[in-house]
Amino acid sequence: MSNIVRIILSSVLLVGTVLLFWFGLWGWGILGIFISILAWVTVFFNENMLLAQWFLRKENMTKAAYWLNNIKNYETQLISAQHGYYHMLLGIIESQKAPLQAEKFFKKALSLGLHMDHNVAMAKLSLAGVAMAKRNKREAEKLLAEAKKADKNKLLADQIKMMKDQMAMMDKQQFRYSR
């Protein structure tokens, strides 16, 4: 359902709630308030995105993918602020199946814009992992430095350190085999 339809339905519900209070039906009016609030929340936060995030937190990737696949046309169903997060969630799910194929989703998410710094750091960290898998050390180091810079609250500090250690191990293996 597009956002314009959601806005129209939410407005009709709000007018109906005001009319319920006007005619003295207080019980139904209070219920109408809760339903109107829920309808307005779905304008700004798509229910499919919320459910997909819920199942990602529960680490149920199949259900998260199901709810993301319910979004047929993200440009009309989501507000523009959620476009980047949609692609980031697709990238997270795809990285579980085929890590190298997830690169396009993370790049698209960064190009569309992510508003929270720790999400930018996570996307860049994932891209650094893909670059390491492709044996592109220079790009991986650059992306790790950007991820570290974006991770202001140090939420991903352990993962960044672990990836740097893996890069050091990769250098040792290359040195050993180059002799």
# chains A, B, ... in the order shown; residues from 1 in each chain; ligands from 1

$ select_by_dssp --residues "stretch 3-85 of chain A" --states "helix (DSSP H, G or I)" --output "count of residues only"
69

$ closest_atom_pairs --of "stretch 71-134 of chain A" --to "stretch 34-47 of chain A" --cutoff "10 Å" --atoms "only C-alpha atoms" --output "Markdown table"
| residue | atom | partner | partner_atom | distance |
| --- | --- | --- | --- | --- |
| A:Ile71 | CA | A:Asn46 | CA | 9.2 |
| A:Gln77 | CA | A:Asn46 | CA | 7.5 |
| A:Leu78 | CA | A:Asn46 | CA | 6.4 |
| A:Ile79 | CA | A:Phe44 | CA | 6.7 |
| A:Ser80 | CA | A:Phe44 | CA | 9.8 |
| A:Ala81 | CA | A:Phe44 | CA | 9.1 |
| A:Gln82 | CA | A:Phe45 | CA | 8.1 |

$ write_last_selection --atoms "N, CA, C and O atoms" --output "short mmCIF file (atom, residue, chain, number, x, y, z; two decimals), in the first residue's frame"
data_model
loop_
_atom_site.label_atom_id
_atom_site.label_comp_id
_atom_site.auth_asym_id
_atom_site.auth_seq_id
_atom_site.Cartn_x
_atom_site.Cartn_y
_atom_site.Cartn_z
N ILE A 71 7.57 -6.14 0.37
CA ILE A 71 7.69 -4.78 -0.16
C ILE A 71 7.98 -4.92 -1.64
O ILE A 71 9.09 -5.27 -2.04
N GLN A 77 6.32 2.50 -1.41
CA GLN A 77 5.82 2.01 -0.14
C GLN A 77 6.58 2.59 1.05
O GLN A 77 6.04 2.60 2.15
N LEU A 78 7.80 3.03 0.86
CA LEU A 78 8.61 3.54 1.95
C LEU A 78 8.87 5.02 1.76
O LEU A 78 8.92 5.50 0.63
N ILE A 79 9.05 5.72 2.87
CA ILE A 79 9.46 7.11 2.75
C ILE A 79 10.94 7.12 2.36
O ILE A 79 11.66 6.14 2.54
N SER A 80 11.40 8.22 1.82
CA SER A 80 12.76 8.26 1.26
C SER A 80 13.84 8.00 2.31
O SER A 80 14.92 7.52 1.98
N ALA A 81 13.56 8.30 3.57
CA ALA A 81 14.54 8.06 4.62
C ALA A 81 14.76 6.57 4.87
O ALA A 81 15.78 6.17 5.43
N GLN A 82 13.81 5.72 4.45
CA GLN A 82 13.92 4.29 4.69
C GLN A 82 14.52 3.53 3.51
O GLN A 82 14.78 2.34 3.63
#

$ closest_atom_pairs --of "stretch 68-143 of chain A" --to "stretch 147-151 of chain A" --cutoff "7 Å" --atoms "only C-alpha atoms" --output "Markdown table"
| residue | atom | partner | partner_atom | distance |
| --- | --- | --- | --- | --- |
| A:Asp117 | CA | A:Ala150 | CA | 5.4 |
| A:His118 | CA | A:Asp151 | CA | 5.3 |
| A:Val120 | CA | A:Ala150 | CA | 6.6 |
| A:Ala121 | CA | A:Ala147 | CA | 4.2 |
| A:Met122 | CA | A:Ala147 | CA | 7.0 |
| A:Lys124 | CA | A:Ala147 | CA | 5.4 |
| A:Leu125 | CA | A:Ala147 | CA | 5.8 |
| A:Leu143 | CA | A:Ala147 | CA | 6.0 |

$ closest_residue --among "A:Gly113, A:Val5, A:Leu51, A:Leu68" --to "A:Leu89" --atoms "only C-alpha atoms"
A:Leu68

$ closest_residue --among "A:Tyr74, A:Phe55, A:Trp28, A:Trp22" --to "A:Ser2" --atoms "only C-alpha atoms"
A:Tyr74

$ residues_around --residues "A:Gly91" --least-positions-apart "2" --cutoff "7 Å" --atoms "only C-alpha atoms" --output "list in words"
His87, Met88, Leu89, Ile93, Glu94, Ser95, Ala102, Phe105 and Phe106 of chain A

$ write_last_selection --atoms "all heavy atoms" --output "short mmCIF file (atom, residue, chain, number, x, y, z; two decimals), in the first residue's frame"
data_model
loop_
_atom_site.label_atom_id
_atom_site.label_comp_id
_atom_site.auth_asym_id
_atom_site.auth_seq_id
_atom_site.Cartn_x
_atom_site.Cartn_y
_atom_site.Cartn_z
N HIS A 87 17.74 -1.38 1.67
CA HIS A 87 18.84 -2.05 0.98
C HIS A 87 19.85 -2.62 1.97
O HIS A 87 20.46 -3.67 1.70
CB HIS A 87 19.53 -1.09 0.01
CG HIS A 87 18.71 -0.83 -1.21
ND1 HIS A 87 18.60 -1.74 -2.24
CD2 HIS A 87 17.93 0.22 -1.57
CE1 HIS A 87 17.80 -1.27 -3.17
NE2 HIS A 87 17.38 -0.07 -2.78
N MET A 88 20.01 -1.99 3.10
CA MET A 88 20.92 -2.52 4.10
C MET A 88 20.39 -3.84 4.67
O MET A 88 21.15 -4.80 4.84
CB MET A 88 21.13 -1.52 5.23
CG MET A 88 22.15 -1.95 6.23
SD MET A 88 22.52 -0.61 7.31
CE MET A 88 23.29 -1.48 8.62
N LEU A 89 19.09 -3.91 4.93
CA LEU A 89 18.52 -5.15 5.42
C LEU A 89 18.63 -6.25 4.37
O LEU A 89 18.92 -7.41 4.69
CB LEU A 89 17.06 -4.95 5.81
CG LEU A 89 16.80 -4.09 7.06
CD1 LEU A 89 15.31 -3.90 7.28
CD2 LEU A 89 17.45 -4.69 8.27
N ILE A 93 20.72 -9.83 4.86
CA ILE A 93 20.14 -11.16 4.58
C ILE A 93 20.93 -11.86 3.48
O ILE A 93 21.22 -13.05 3.58
CB ILE A 93 18.65 -11.01 4.21
CG1 ILE A 93 17.86 -10.60 5.46
CG2 ILE A 93 18.10 -12.30 3.64
CD1 ILE A 93 16.43 -10.23 5.20
N GLU A 94 21.31 -11.11 2.45
CA GLU A 94 22.06 -11.71 1.34
C GLU A 94 23.46 -12.14 1.78
O GLU A 94 23.99 -13.13 1.28
CB GLU A 94 22.16 -10.72 0.18
CG GLU A 94 22.76 -11.27 -1.07
CD GLU A 94 21.91 -12.34 -1.75
OE1 GLU A 94 20.68 -12.30 -1.60
OE2 GLU A 94 22.49 -13.20 -2.42
N SER A 95 24.04 -11.41 2.74
CA SER A 95 25.38 -11.77 3.20
C SER A 95 25.40 -13.10 3.94
O SER A 95 26.45 -13.73 4.05
CB SER A 95 25.96 -10.66 4.08
OG SER A 95 25.24 -10.57 5.29
N ALA A 102 26.28 -9.53 -1.67
CA ALA A 102 25.68 -8.52 -0.82
C ALA A 102 26.31 -7.14 -1.02
O ALA A 102 25.76 -6.14 -0.57
CB ALA A 102 25.79 -8.93 0.65
N PHE A 105 24.11 -4.33 -2.43
CA PHE A 105 23.08 -3.80 -1.53
C PHE A 105 23.68 -2.81 -0.55
O PHE A 105 23.08 -1.77 -0.26
CB PHE A 105 22.39 -4.94 -0.78
CG PHE A 105 21.55 -5.82 -1.66
CD1 PHE A 105 21.89 -7.15 -1.85
CD2 PHE A 105 20.43 -5.33 -2.31
CE1 PHE A 105 21.13 -7.96 -2.65
CE2 PHE A 105 19.67 -6.14 -3.13
CZ PHE A 105 20.02 -7.46 -3.29
N PHE A 106 24.87 -3.13 0.00
CA PHE A 106 25.50 -2.21 0.94
C PHE A 106 25.93 -0.91 0.26
O PHE A 106 25.78 0.18 0.83
CB PHE A 106 26.69 -2.88 1.63
CG PHE A 106 26.29 -3.93 2.62
CD1 PHE A 106 26.71 -5.24 2.46
CD2 PHE A 106 25.49 -3.63 3.70
CE1 PHE A 106 26.35 -6.22 3.36
CE2 PHE A 106 25.12 -4.60 4.62
CZ PHE A 106 25.54 -5.90 4.44
#

$ residues_around --residues "stretch 160-166 of chain A" --least-positions-apart "2" --cutoff "10 Å" --atoms "only C-alpha atoms" --output "PyMOL selection string"
chain A and resi 121-122+125+128-129+132+140-141+144-145+147-148+151+154-158+168-172

$ residues_around --residues "A:Ala133" --least-positions-apart "2" --cutoff "12 Å" --atoms "only C-alpha atoms" --output "mmCIF file with N, CA, C and O atoms, in the first residue's frame"
data_model
loop_
_atom_site.group_PDB
_atom_site.id
_atom_site.type_symbol
_atom_site.label_atom_id
_atom_site.label_comp_id
_atom_site.auth_asym_id
_atom_site.auth_seq_id
_atom_site.Cartn_x
_atom_site.Cartn_y
_atom_site.Cartn_z
ATOM 1 N N ALA A 98 25.186 -15.410 0.356
ATOM 2 C CA ALA A 98 26.304 -15.207 -0.573
ATOM 3 C C ALA A 98 26.948 -13.857 -0.266
ATOM 4 O O ALA A 98 26.491 -12.827 -0.750
ATOM 5 N N PRO A 99 28.015 -13.852 0.557
ATOM 6 C CA PRO A 99 28.611 -12.585 0.993
ATOM 7 C C PRO A 99 29.073 -11.676 -0.140
ATOM 8 O O PRO A 99 28.957 -10.460 -0.044
ATOM 9 N N LEU A 100 29.591 -12.250 -1.213
ATOM 10 C CA LEU A 100 30.089 -11.406 -2.297
ATOM 11 C C LEU A 100 28.951 -10.744 -3.072
ATOM 12 O O LEU A 100 29.142 -9.701 -3.695
ATOM 13 N N GLN A 101 27.764 -11.338 -3.052
ATOM 14 C CA GLN A 101 26.619 -10.764 -3.753
ATOM 15 C C GLN A 101 25.974 -9.630 -2.958
ATOM 16 O O GLN A 101 25.198 -8.854 -3.500
ATOM 17 N N GLU A 103 27.430 -7.100 -1.698
ATOM 18 C CA GLU A 103 28.157 -5.838 -1.877
ATOM 19 C C GLU A 103 27.290 -4.772 -2.532
ATOM 20 O O GLU A 103 27.281 -3.613 -2.102
ATOM 21 N N SER A 126 30.941 -4.294 6.555
ATOM 22 C CA SER A 126 30.541 -5.401 5.684
ATOM 23 C C SER A 126 31.223 -5.291 4.326
ATOM 24 O O SER A 126 31.665 -6.297 3.764
ATOM 25 N N LEU A 127 31.308 -4.079 3.799
ATOM 26 C CA LEU A 127 32.009 -3.880 2.527
ATOM 27 C C LEU A 127 33.499 -4.197 2.659
ATOM 28 O O LEU A 127 34.115 -4.719 1.725
ATOM 29 N N ALA A 128 34.076 -3.894 3.827
ATOM 30 C CA ALA A 128 35.481 -4.234 4.056
ATOM 31 C C ALA A 128 35.661 -5.747 4.068
ATOM 32 O O ALA A 128 36.660 -6.263 3.547
ATOM 33 N N GLY A 129 34.705 -6.458 4.634
ATOM 34 C CA GLY A 129 34.773 -7.921 4.613
ATOM 35 C C GLY A 129 34.709 -8.473 3.204
ATOM 36 O O GLY A 129 35.424 -9.422 2.860
ATOM 37 N N VAL A 130 33.872 -7.866 2.370
ATOM 38 C CA VAL A 130 33.783 -8.294 0.969
ATOM 39 C C VAL A 130 35.093 -7.990 0.249
ATOM 40 O O VAL A 130 35.596 -8.815 -0.534
ATOM 41 N N ALA A 131 35.672 -6.823 0.530
ATOM 42 C CA ALA A 131 36.945 -6.469 -0.103
ATOM 43 C C ALA A 131 38.056 -7.425 0.332
ATOM 44 O O ALA A 131 38.912 -7.802 -0.476
ATOM 45 N N ARG A 135 40.444 -10.204 -1.812
ATOM 46 C CA ARG A 135 41.894 -9.977 -1.692
ATOM 47 C C ARG A 135 42.290 -8.561 -2.101
ATOM 48 O O ARG A 135 43.371 -8.338 -2.640
ATOM 49 N N ASN A 136 41.430 -7.596 -1.819
ATOM 50 C CA ASN A 136 41.711 -6.196 -2.110
ATOM 51 C C ASN A 136 42.030 -5.514 -0.780
ATOM 52 O O ASN A 136 41.168 -4.924 -0.144
ATOM 53 N N LYS A 137 43.277 -5.622 -0.360
ATOM 54 C CA LYS A 137 43.671 -5.158 0.959
ATOM 55 C C LYS A 137 43.577 -3.641 1.105
ATOM 56 O O LYS A 137 43.138 -3.138 2.130
ATOM 57 N N GLU A 139 41.586 -1.438 -0.372
ATOM 58 C CA GLU A 139 40.200 -0.999 -0.205
ATOM 59 C C GLU A 139 39.650 -1.428 1.152
ATOM 60 O O GLU A 139 38.922 -0.684 1.792
ATOM 61 N N ALA A 140 40.016 -2.631 1.596
ATOM 62 C CA ALA A 140 39.553 -3.114 2.903
ATOM 63 C C ALA A 140 40.080 -2.231 4.024
ATOM 64 O O ALA A 140 39.338 -1.895 4.955
ATOM 65 N N MET A 163 38.567 -7.883 12.435
ATOM 66 C CA MET A 163 38.828 -7.852 10.997
ATOM 67 C C MET A 163 40.254 -7.394 10.715
ATOM 68 O O MET A 163 40.902 -7.910 9.797
ATOM 69 N N GLN A 166 42.408 -10.339 11.216
ATOM 70 C CA GLN A 166 42.295 -11.249 10.076
ATOM 71 C C GLN A 166 43.114 -10.745 8.891
ATOM 72 O O GLN A 166 43.710 -11.540 8.166
ATOM 73 N N MET A 167 43.138 -9.417 8.711
ATOM 74 C CA MET A 167 43.960 -8.865 7.623
ATOM 75 C C MET A 167 45.430 -9.119 7.886
ATOM 76 O O MET A 167 46.198 -9.415 6.963
ATOM 77 N N MET A 170 46.117 -12.593 7.022
ATOM 78 C CA MET A 170 46.142 -12.739 5.572
ATOM 79 C C MET A 170 47.508 -12.320 5.029
ATOM 80 O O MET A 170 48.059 -12.964 4.131
#

$ atom_distance --atom1 "atom CA of A:Ala109" --atom2 "atom CA of A:Arg138"
21.8 Å

$ decode --residues "stretch 21-162 of chain A" --atoms "C-alpha atoms" --output "PDB file, in the first residue's frame"
ATOM      1  CA  PHE A  21     -15.826  12.231  20.717  1.00  0.00           C
ATOM      2  CA  TRP A  22     -18.197  14.875  19.317  1.00  0.00           C
ATOM      3  CA  PHE A  23     -21.191  12.540  19.629  1.00  0.00           C
ATOM      4  CA  GLY A  24     -20.188  11.496  23.161  1.00  0.00           C
ATOM      5  CA  LEU A  25     -18.963   7.964  22.425  1.00  0.00           C
ATOM      6  CA  TRP A  26     -15.907   8.251  24.674  1.00  0.00           C
ATOM      7  CA  GLY A  27     -15.031   4.548  24.826  1.00  0.00           C
ATOM      8  CA  TRP A  28     -15.016   4.157  21.071  1.00  0.00           C
ATOM      9  CA  GLY A  29     -13.209   7.488  20.739  1.00  0.00           C
ATOM     10  CA  ILE A  30     -10.339   6.307  22.950  1.00  0.00           C
ATOM     11  CA  LEU A  31     -10.079   3.116  20.908  1.00  0.00           C
ATOM     12  CA  GLY A  32     -10.123   5.276  17.773  1.00  0.00           C
ATOM     13  CA  ILE A  33      -7.191   7.308  19.118  1.00  0.00           C
ATOM     14  CA  PHE A  34      -5.072   4.167  19.471  1.00  0.00           C
ATOM     15  CA  ILE A  35      -6.000   2.960  15.999  1.00  0.00           C
ATOM     16  CA  SER A  36      -5.287   6.406  14.499  1.00  0.00           C
ATOM     17  CA  ILE A  37      -1.876   6.543  16.182  1.00  0.00           C
ATOM     18  CA  LEU A  38      -1.062   3.094  14.842  1.00  0.00           C
ATOM     19  CA  ALA A  39      -2.160   4.123  11.343  1.00  0.00           C
ATOM     20  CA  TRP A  40      -0.014   7.281  11.427  1.00  0.00           C
ATOM     21  CA  VAL A  41       2.997   5.321  12.674  1.00  0.00           C
ATOM     22  CA  THR A  42       2.753   3.013   9.655  1.00  0.00           C
ATOM     23  CA  VAL A  43       3.029   6.061   7.405  1.00  0.00           C
ATOM     24  CA  PHE A  44       6.524   6.783   8.705  1.00  0.00           C
ATOM     25  CA  PHE A  45       7.602   3.250   9.651  1.00  0.00           C
ATOM     26  CA  ASN A  46       6.509   0.557   7.230  1.00  0.00           C
ATOM     27  CA  GLU A  47       5.158  -2.492   9.055  1.00  0.00           C
ATOM     28  CA  ASN A  48       7.050  -4.870   6.770  1.00  0.00           C
ATOM     29  CA  MET A  49      10.328  -3.142   7.619  1.00  0.00           C
ATOM     30  CA  LEU A  50       9.534  -3.247  11.341  1.00  0.00           C
ATOM     31  CA  LEU A  51       8.722  -6.954  11.203  1.00  0.00           C
ATOM     32  CA  ALA A  52      11.847  -7.689   9.146  1.00  0.00           C
ATOM     33  CA  GLN A  53      13.999  -5.871  11.709  1.00  0.00           C
ATOM     34  CA  TRP A  54      12.288  -7.773  14.517  1.00  0.00           C
ATOM     35  CA  PHE A  55      13.048 -11.128  12.909  1.00  0.00           C
ATOM     36  CA  LEU A  56      16.628 -10.054  12.140  1.00  0.00           C
ATOM     37  CA  ARG A  57      17.134  -9.321  15.824  1.00  0.00           C
ATOM     38  CA  LYS A  58      15.752 -12.768  16.592  1.00  0.00           C
ATOM     39  CA  GLU A  59      18.129 -14.156  13.896  1.00  0.00           C
ATOM     40  CA  ASN A  60      15.297 -15.700  11.894  1.00  0.00           C
ATOM     41  CA  MET A  61      16.523 -14.854   8.411  1.00  0.00           C
ATOM     42  CA  THR A  62      13.817 -16.703   6.489  1.00  0.00           C
ATOM     43  CA  LYS A  63      10.984 -14.744   8.098  1.00  0.00           C
ATOM     44  CA  ALA A  64      12.920 -11.489   7.782  1.00  0.00           C
ATOM     45  CA  ALA A  65      13.410 -12.170   4.076  1.00  0.00           C
ATOM     46  CA  TYR A  66       9.697 -13.000   3.755  1.00  0.00           C
ATOM     47  CA  TRP A  67       8.663  -9.638   5.217  1.00  0.00           C
ATOM     48  CA  LEU A  68      11.177  -7.728   3.107  1.00  0.00           C
ATOM     49  CA  ASN A  69       9.931  -9.508  -0.005  1.00  0.00           C
ATOM     50  CA  ASN A  70       6.423  -8.237   0.805  1.00  0.00           C
ATOM     51  CA  ILE A  71       7.691  -4.785  -0.156  1.00  0.00           C
ATOM     52  CA  LYS A  72       7.129  -4.875  -3.912  1.00  0.00           C
ATOM     53  CA  ASN A  73       8.094  -1.302  -4.831  1.00  0.00           C
ATOM     54  CA  TYR A  74      10.191   0.269  -2.099  1.00  0.00           C
ATOM     55  CA  GLU A  75      10.130   3.723  -3.706  1.00  0.00           C
ATOM     56  CA  THR A  76       6.351   4.081  -3.274  1.00  0.00           C
ATOM     57  CA  GLN A  77       5.824   2.012  -0.138  1.00  0.00           C
ATOM     58  CA  LEU A  78       8.612   3.540   1.950  1.00  0.00           C
ATOM     59  CA  ILE A  79       9.465   7.115   2.750  1.00  0.00           C
ATOM     60  CA  SER A  80      12.757   8.260   1.257  1.00  0.00           C
ATOM     61  CA  ALA A  81      14.539   8.056   4.619  1.00  0.00           C
ATOM     62  CA  GLN A  82      13.925   4.289   4.693  1.00  0.00           C
ATOM     63  CA  HIS A  83      15.256   3.471   1.219  1.00  0.00           C
ATOM     64  CA  GLY A  84      18.838   3.052   2.438  1.00  0.00           C
ATOM     65  CA  TYR A  85      17.756   0.902   5.372  1.00  0.00           C
ATOM     66  CA  TYR A  86      15.741  -1.324   3.041  1.00  0.00           C
ATOM     67  CA  HIS A  87      18.843  -2.047   0.979  1.00  0.00           C
ATOM     68  CA  MET A  88      20.923  -2.521   4.103  1.00  0.00           C
ATOM     69  CA  LEU A  89      18.518  -5.152   5.416  1.00  0.00           C
ATOM     70  CA  LEU A  90      18.596  -6.872   2.027  1.00  0.00           C
ATOM     71  CA  GLY A  91      22.392  -6.808   2.200  1.00  0.00           C
ATOM     72  CA  ILE A  92      22.431  -8.340   5.671  1.00  0.00           C
ATOM     73  CA  ILE A  93      20.136 -11.155   4.578  1.00  0.00           C
ATOM     74  CA  GLU A  94      22.060 -11.708   1.343  1.00  0.00           C
ATOM     75  CA  SER A  95      25.381 -11.765   3.202  1.00  0.00           C
ATOM     76  CA  GLN A  96      24.189 -14.839   5.065  1.00  0.00           C
ATOM     77  CA  LYS A  97      23.693 -16.687   1.770  1.00  0.00           C
ATOM     78  CA  ALA A  98      26.304 -15.207  -0.573  1.00  0.00           C
ATOM     79  CA  PRO A  99      28.611 -12.585   0.993  1.00  0.00           C
ATOM     80  CA  LEU A 100      30.089 -11.406  -2.297  1.00  0.00           C
ATOM     81  CA  GLN A 101      26.619 -10.764  -3.753  1.00  0.00           C
ATOM     82  CA  ALA A 102      25.679  -8.517  -0.818  1.00  0.00           C
ATOM     83  CA  GLU A 103      28.157  -5.838  -1.877  1.00  0.00           C
ATOM     84  CA  LYS A 104      25.725  -4.156  -4.269  1.00  0.00           C
ATOM     85  CA  PHE A 105      23.084  -3.799  -1.532  1.00  0.00           C
ATOM     86  CA  PHE A 106      25.499  -2.209   0.940  1.00  0.00           C
ATOM     87  CA  LYS A 107      26.831   0.200  -1.702  1.00  0.00           C
ATOM     88  CA  LYS A 108      23.266   1.146  -2.669  1.00  0.00           C
ATOM     89  CA  ALA A 109      22.378   1.670   1.013  1.00  0.00           C
ATOM     90  CA  LEU A 110      25.341   3.992   1.484  1.00  0.00           C
ATOM     91  CA  SER A 111      24.519   5.909  -1.685  1.00  0.00           C
ATOM     92  CA  LEU A 112      20.866   6.357  -0.654  1.00  0.00           C
ATOM     93  CA  GLY A 113      21.905   7.443   2.818  1.00  0.00           C
ATOM     94  CA  LEU A 114      21.841   5.978   6.294  1.00  0.00           C
ATOM     95  CA  HIS A 115      21.080   8.417   9.078  1.00  0.00           C
ATOM     96  CA  MET A 116      22.654   6.640  12.036  1.00  0.00           C
ATOM     97  CA  ASP A 117      26.427   6.519  12.283  1.00  0.00           C
ATOM     98  CA  HIS A 118      26.559   2.957  13.595  1.00  0.00           C
ATOM     99  CA  ASN A 119      24.566   1.774  10.561  1.00  0.00           C
ATOM    100  CA  VAL A 120      27.036   3.511   8.239  1.00  0.00           C
ATOM    101  CA  ALA A 121      29.860   1.837  10.171  1.00  0.00           C
ATOM    102  CA  MET A 122      28.195  -1.566   9.850  1.00  0.00           C
ATOM    103  CA  ALA A 123      27.700  -1.165   6.100  1.00  0.00           C
ATOM    104  CA  LYS A 124      31.327  -0.111   5.616  1.00  0.00           C
ATOM    105  CA  LEU A 125      32.513  -2.959   7.821  1.00  0.00           C
ATOM    106  CA  SER A 126      30.541  -5.401   5.684  1.00  0.00           C
ATOM    107  CA  LEU A 127      32.009  -3.880   2.527  1.00  0.00           C
ATOM    108  CA  ALA A 128      35.481  -4.234   4.056  1.00  0.00           C
ATOM    109  CA  GLY A 129      34.773  -7.921   4.613  1.00  0.00           C
ATOM    110  CA  VAL A 130      33.783  -8.294   0.969  1.00  0.00           C
ATOM    111  CA  ALA A 131      36.945  -6.469  -0.103  1.00  0.00           C
ATOM    112  CA  MET A 132      39.017  -8.823   2.053  1.00  0.00           C
ATOM    113  CA  ALA A 133      37.304 -11.803   0.469  1.00  0.00           C
ATOM    114  CA  LYS A 134      38.273 -10.402  -2.930  1.00  0.00           C
ATOM    115  CA  ARG A 135      41.894  -9.977  -1.692  1.00  0.00           C
ATOM    116  CA  ASN A 136      41.711  -6.196  -2.110  1.00  0.00           C
ATOM    117  CA  LYS A 137      43.671  -5.158   0.959  1.00  0.00           C
ATOM    118  CA  ARG A 138      43.956  -1.451   0.165  1.00  0.00           C
ATOM    119  CA  GLU A 139      40.200  -0.999  -0.205  1.00  0.00           C
ATOM    120  CA  ALA A 140      39.553  -3.114   2.903  1.00  0.00           C
ATOM    121  CA  GLU A 141      41.907  -0.940   4.970  1.00  0.00           C
ATOM    122  CA  LYS A 142      40.258   2.224   3.668  1.00  0.00           C
ATOM    123  CA  LEU A 143      36.774   0.919   4.473  1.00  0.00           C
ATOM    124  CA  LEU A 144      37.867  -0.250   7.930  1.00  0.00           C
ATOM    125  CA  ALA A 145      39.273   3.203   8.687  1.00  0.00           C
ATOM    126  CA  GLU A 146      35.988   4.782   7.553  1.00  0.00           C
ATOM    127  CA  ALA A 147      34.009   2.289   9.645  1.00  0.00           C
ATOM    128  CA  LYS A 148      36.129   3.067  12.693  1.00  0.00           C
ATOM    129  CA  LYS A 149      35.600   6.783  12.133  1.00  0.00           C
ATOM    130  CA  ALA A 150      31.827   6.340  11.763  1.00  0.00           C
ATOM    131  CA  ASP A 151      31.566   4.122  14.863  1.00  0.00           C
ATOM    132  CA  LYS A 152      31.479   6.952  17.391  1.00  0.00           C
ATOM    133  CA  ASN A 153      29.890   4.910  20.196  1.00  0.00           C
ATOM    134  CA  LYS A 154      32.329   2.003  19.737  1.00  0.00           C
ATOM    135  CA  LEU A 155      29.522  -0.475  19.089  1.00  0.00           C
ATOM    136  CA  LEU A 156      31.531  -2.292  16.417  1.00  0.00           C
ATOM    137  CA  ALA A 157      34.998  -1.871  17.952  1.00  0.00           C
ATOM    138  CA  ASP A 158      35.419  -5.616  18.570  1.00  0.00           C
ATOM    139  CA  GLN A 159      34.404  -6.530  15.021  1.00  0.00           C
ATOM    140  CA  ILE A 160      36.731  -3.891  13.553  1.00  0.00           C
ATOM    141  CA  LYS A 161      39.636  -5.179  15.666  1.00  0.00           C
ATOM    142  CA  MET A 162      38.855  -8.771  14.690  1.00  0.00           C
TER     143      MET A 162
END
